[in-house]
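Only one structure is covered here, and it is reproduced in the block below.
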Amino acid sequence: MKHVKILVAGIALVAGMSTAAHAASTLESVKAAGKLKCGVTTGLAGFGAPNDKGEWAGLDIDLCKGIAAAVFGDPSKVEYKPLSAEQRFTALQSGEVDVLARNSTWTLSRDSQLALDFVAVNYYDGQGFMVRKDLGISSAKELKGATVCVQEGTTTEKNLGDFDKANNLGIQPVKFKENDQARSAYDEGRCDAYTTDASGLAGERTALKAPDDHVILPDIISKEPLGPVVRHGDNQWGDIVRWTHYVTVIAEEKGITQANLDDVVKANGPDNATADGEIQRMLGITEKMGEGMGLSNDWGYNIIKAVGNYGEIFERNVGPNTPIKLPRGLNALWTQGGLQYAPPVR
Amino acid sequence: MAEISSGDTRHASTVVWWRDERKRGLLAQLAVGLAVVGFAYFLGHNMVENQARLGVPLSLSFLTDPAGFQLSFASLSVTLDSPIQRILLVGALNTLLASVVAAIIATTLGLLIGIMRLSTNWLVARIAEVYIEAVRNVPLLLQLVFWYGGVLAALPKAKDALSIGDLVFLSIKGLMTPRPIVQSDFWIIFIALIVAIIAAIGMRRWAKKRQIETGQQFPSFWVGLALVIGLPALASLALGNPVESEVPVKGTFNFTGGLSFQPEVVALILGLAVNSAAFIAEIVRGGIVAISHGQTEAAYALGLRPRVNLRLVIIPQALRIIMPPMISQYLNVVKNSTLAGFIGFPDLFSVISTSQNQTGRAVECVTILMLFYLTVSLSISLVMNWFNKRVALVER
């Protein structure tokens, strides 16, 4: 009885004291854990979904692999945590994941009110609508009074509201927690139209009962820059994630692929006078660009070896040879009329 | 251990305070209380510090911001500019509406199935048993998805909507009926309804008194029903039908005007009701079986038929046993309604998730949610416990 009393008093004393947590930088804690905790989507074809072998694959997954390659030299040192639309930001804020690569839209309110930073845009997207061909409409502005299936809790919902207000359409939304439910309700005919990001529409159409009966309307009603997210307060980690994406873009600019990577390294040796300086710096042949970010010197080499350049990543996941079949469109390089533009490595 | 009693004055002064059982008990309680409060303070303090460190201080100011999203089912009017607090209110009303209707249907159905389960007819009893076992053992979410899929698949497509006299339309988009518009004279009908209810209660009292004195029965239920329906109807006829209705009109995609009952509402209510009915059936069966068979034998000896016996002898006694578990079932109906988001019904949980995602206020939103369900559950418990005390068997 006496011992119990002392124990209880001790607990009360300790609990009353406030402890200051020693804040380790994200890079240090990732290295200590031995793996990168990457927050991904629960299943969106082309961006983050388990493939038929049960491994995670997608545009965002390749970014996670790239970050792991930059930090550890090994793209397999990643733990993928599937997060729903509601959990994703709180999971990142609380430290459950180190980076969120979950096709999340970069908006002002998310940037400023959530204490999170969007560090790059790995996919420029926009919201669109899908309707049945036999409705005979060719523009989203003809959806007066229509019922639209949408997934709740996303920017999609808010954009639909804004579009509705701006064009005075009186749209009646039907909201579902899971994307699958929204799509199957649309398929059954509960809704006249289905809305989500244009990249998602292409993937979802393949899952409908009769994909050719449906058409994606040409109107893009919003800007949806999708990219990785990190927490406020750790700029070094933000730099690492940001430059992982940029390395893949610059690699495509310079024509470096997974296949010819080693040949490029040989062709741009440190003694070669005609070598491309930027390639030398990026692949760690000269100078020590990785040090400023706390990474080893071959960080750029490892990224490209693991996932290839941006064009390869795009083609592998959402390109014309995949069921998704998305055109490069806004995601082409700036030299080809698109928006993917990386600052120089120097 | 020897108990020190206050009357034992010889020993009282010779016992030190830490050997006194009562004082030790008090001290232990104080220490545990401190520990719990200390722990709660520690967690709360951590949370506030973390939020401040992140730069997102806790505040409820986001409630007055315009929501920017619509609801597919709303009992009050909402527009895209409505503040978030109004949308939350409508979400809460949706939850309550679905829960109340589901609870009423579940109670009726459960009572029926429970009595069926006890029937001497082999087929009837087996049907009830299969229903109970199947529904109790399948997770509720699957049942809801099944009902929703079933409801959607059973209804005709929007183009081929069934119509009854161009007033009522049934399709996959929902059931559209004319909406009664209340005119200014409606209060007279309301008064007539109140008068009818009071008259029905008074008549029932008189009929009971008469039965005790003279033994004559009076069909008080049917007369009461006729009163409650007939008097307001008479009043409305006298006023010349002061209730207009707004008829649904077919547009390109949807019907405008009129009342609409979407498949989501129907699927949710059906799913919740059928699920809870299975549990209620077992509770009812347990209550009835607990009444000793001697009661039934005595009733038969008095010449009461089986149905009368059930209604007047068994069920009033079984009610006392059934009441406490029923409270849990009603609480379950309210809590299970949170699954509504998966089938497209905008209940409070679904609306809060959207608000949380759009404003980033996770802690405040979850707190509002928890407080709502806590309040509803505690109210239900309070009311039902009061009702339970009233019907409780007073032992002599």
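If you're wondering about the labels, chains in the structure tokens are A, B, ... by order shown, residues count from 1 in each chain, ligands from 1 in order shown.
The residue set within 6 Å of Leu330 (chain A), counting only C-alpha atoms and dropping same-chain residues fewer than 2 places from it, reads A:Ala332, A:Gly338, A:Leu339.
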N, CA and C atoms of the current selection, written as a CSV table (one decimal), in the first residue's frame:
```csv
chain,number,residue,atom,x,y,z
A,332,ALA,N,5.2,19.3,-70.1
A,332,ALA,CA,6.4,19.2,-71.0
A,332,ALA,C,7.5,20.1,-70.5
A,338,GLY,N,6.1,23.6,-72.3
A,338,GLY,CA,5.4,23.2,-71.1
A,338,GLY,C,5.9,24.1,-69.9
A,339,LEU,N,5.5,23.6,-68.7
A,339,LEU,CA,5.9,24.4,-67.5
A,339,LEU,C,7.0,23.8,-66.7
```
Find the residues around region 216-226 of chain B up to 12 Å (only C-alpha atoms counted), leave out those fewer than 6 positions away in its own chain, and share them as a PyMOL selection string. chain B and resi 193+195-210+232-234
Running DSSP on the backbone, which parts of region 74-200 of chain B land in strand (DSSP E), as a ChimeraX atom specification? /B:162-164,168-171,174-177,179-182
Just-selected residues, N, CA and C atoms written as an mmCIF file, in the first residue's frame:
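What landed in out-v6.cif:
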```cif
data_model
loop_
_atom_site.group_PDB
_atom_site.id
_atom_site.type_symbol
_atom_site.label_atom_id
_atom_site.label_comp_id
_atom_site.auth_asym_id
_atom_site.auth_seq_id
_atom_site.Cartn_x
_atom_site.Cartn_y
_atom_site.Cartn_z
ATOM 1 N N LEU B 162 -40.351 6.688 -63.254
ATOM 2 C CA LEU B 162 -41.753 6.323 -63.065
ATOM 3 C C LEU B 162 -42.494 7.534 -62.552
ATOM 4 N N SER B 163 -43.712 7.745 -63.006
ATOM 5 C CA SER B 163 -44.449 8.883 -62.458
ATOM 6 C C SER B 163 -45.859 8.466 -62.122
ATOM 7 N N ILE B 164 -46.363 9.017 -61.025
ATOM 8 C CA ILE B 164 -47.735 8.761 -60.617
ATOM 9 C C ILE B 164 -48.497 10.061 -60.815
ATOM 10 N N VAL B 168 -45.880 12.703 -58.586
ATOM 11 C CA VAL B 168 -44.817 11.999 -57.857
ATOM 12 C C VAL B 168 -43.951 11.269 -58.868
ATOM 13 N N PHE B 169 -42.633 11.446 -58.772
ATOM 14 C CA PHE B 169 -41.701 10.809 -59.703
ATOM 15 C C PHE B 169 -40.696 9.971 -58.939
ATOM 16 N N LEU B 170 -40.415 8.797 -59.459
ATOM 17 C CA LEU B 170 -39.431 7.918 -58.819
ATOM 18 C C LEU B 170 -38.366 7.537 -59.840
ATOM 19 N N SER B 171 -37.103 7.842 -59.526
ATOM 20 C CA SER B 171 -36.018 7.430 -60.417
ATOM 21 C C SER B 171 -34.769 7.260 -59.570
ATOM 22 N N GLY B 174 -33.912 9.875 -57.103
ATOM 23 C CA GLY B 174 -34.669 10.035 -55.870
ATOM 24 C C GLY B 174 -36.166 10.051 -56.109
ATOM 25 N N LEU B 175 -36.894 10.226 -54.987
ATOM 26 C CA LEU B 175 -38.353 10.290 -55.052
ATOM 27 C C LEU B 175 -38.740 11.759 -54.961
ATOM 28 N N MET B 176 -39.419 12.255 -55.986
ATOM 29 C CA MET B 176 -39.834 13.667 -55.969
ATOM 30 C C MET B 176 -41.317 13.738 -55.694
ATOM 31 N N THR B 177 -41.703 14.492 -54.656
ATOM 32 C CA THR B 177 -43.120 14.653 -54.339
ATOM 33 C C THR B 177 -43.433 16.141 -54.276
ATOM 34 N N ARG B 179 -44.243 19.617 -52.737
ATOM 35 C CA ARG B 179 -43.899 20.148 -51.421
ATOM 36 C C ARG B 179 -45.047 21.009 -50.931
ATOM 37 N N PRO B 180 -45.589 20.706 -49.728
ATOM 38 C CA PRO B 180 -46.686 21.552 -49.221
ATOM 39 C C PRO B 180 -46.144 22.905 -48.768
ATOM 40 N N ILE B 181 -46.736 23.962 -49.307
ATOM 41 C CA ILE B 181 -46.309 25.300 -48.891
ATOM 42 C C ILE B 181 -47.290 25.792 -47.845
ATOM 43 N N VAL B 182 -46.779 26.142 -46.703
ATOM 44 C CA VAL B 182 -47.651 26.536 -45.596
ATOM 45 C C VAL B 182 -48.131 27.962 -45.795
#
```
So which residues touch Val247 (chain B) within 7 Å, counting only C-alpha atoms, skipping near sequence neighbours fewer than 6 positions away, as a count of residues only? 5
With a cut-off of 8 Å and counting only C-alpha atoms, select all residues of chain B in contact with chain A and give the selection as JSON, numbers by chain. {"B": [28, 31, 32, 34, 35, 36, 38, 39, 41, 42, 54, 55, 56, 68, 69, 70, 71, 72, 80, 152, 153, 157, 158, 172, 173, 251, 252, 253, 254, 341, 342, 343, 344, 345, 346, 350, 353, 354, 355, 356, 357, 358, 359, 360, 362]}
Out of region 52-243 of chain B, which residues get helix (DSSP H, G or I) from DSSP, as a PyMOL selection string? chain B and resi 52-54+61-64+84-117+122-137+140-154+158-160+186-214+220-239
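Pairwise distance (CA of Thr338 (chain B), CA of Thr95 (chain B)) equals 7.9 Å.
CA of Leu331 (chain B) sits 28.3 Å away from CA of Gly44 (chain B).
Closest to Val138 (chain B) among B:Ala340, B:Ile314, B:Ala278, B:Val284 is B:Ala278, based on only C-alpha atoms.
Taking CA of Pro343 (chain A) and CA of Trp243 (chain A) as the two end points, the separation is 9.1 Å.
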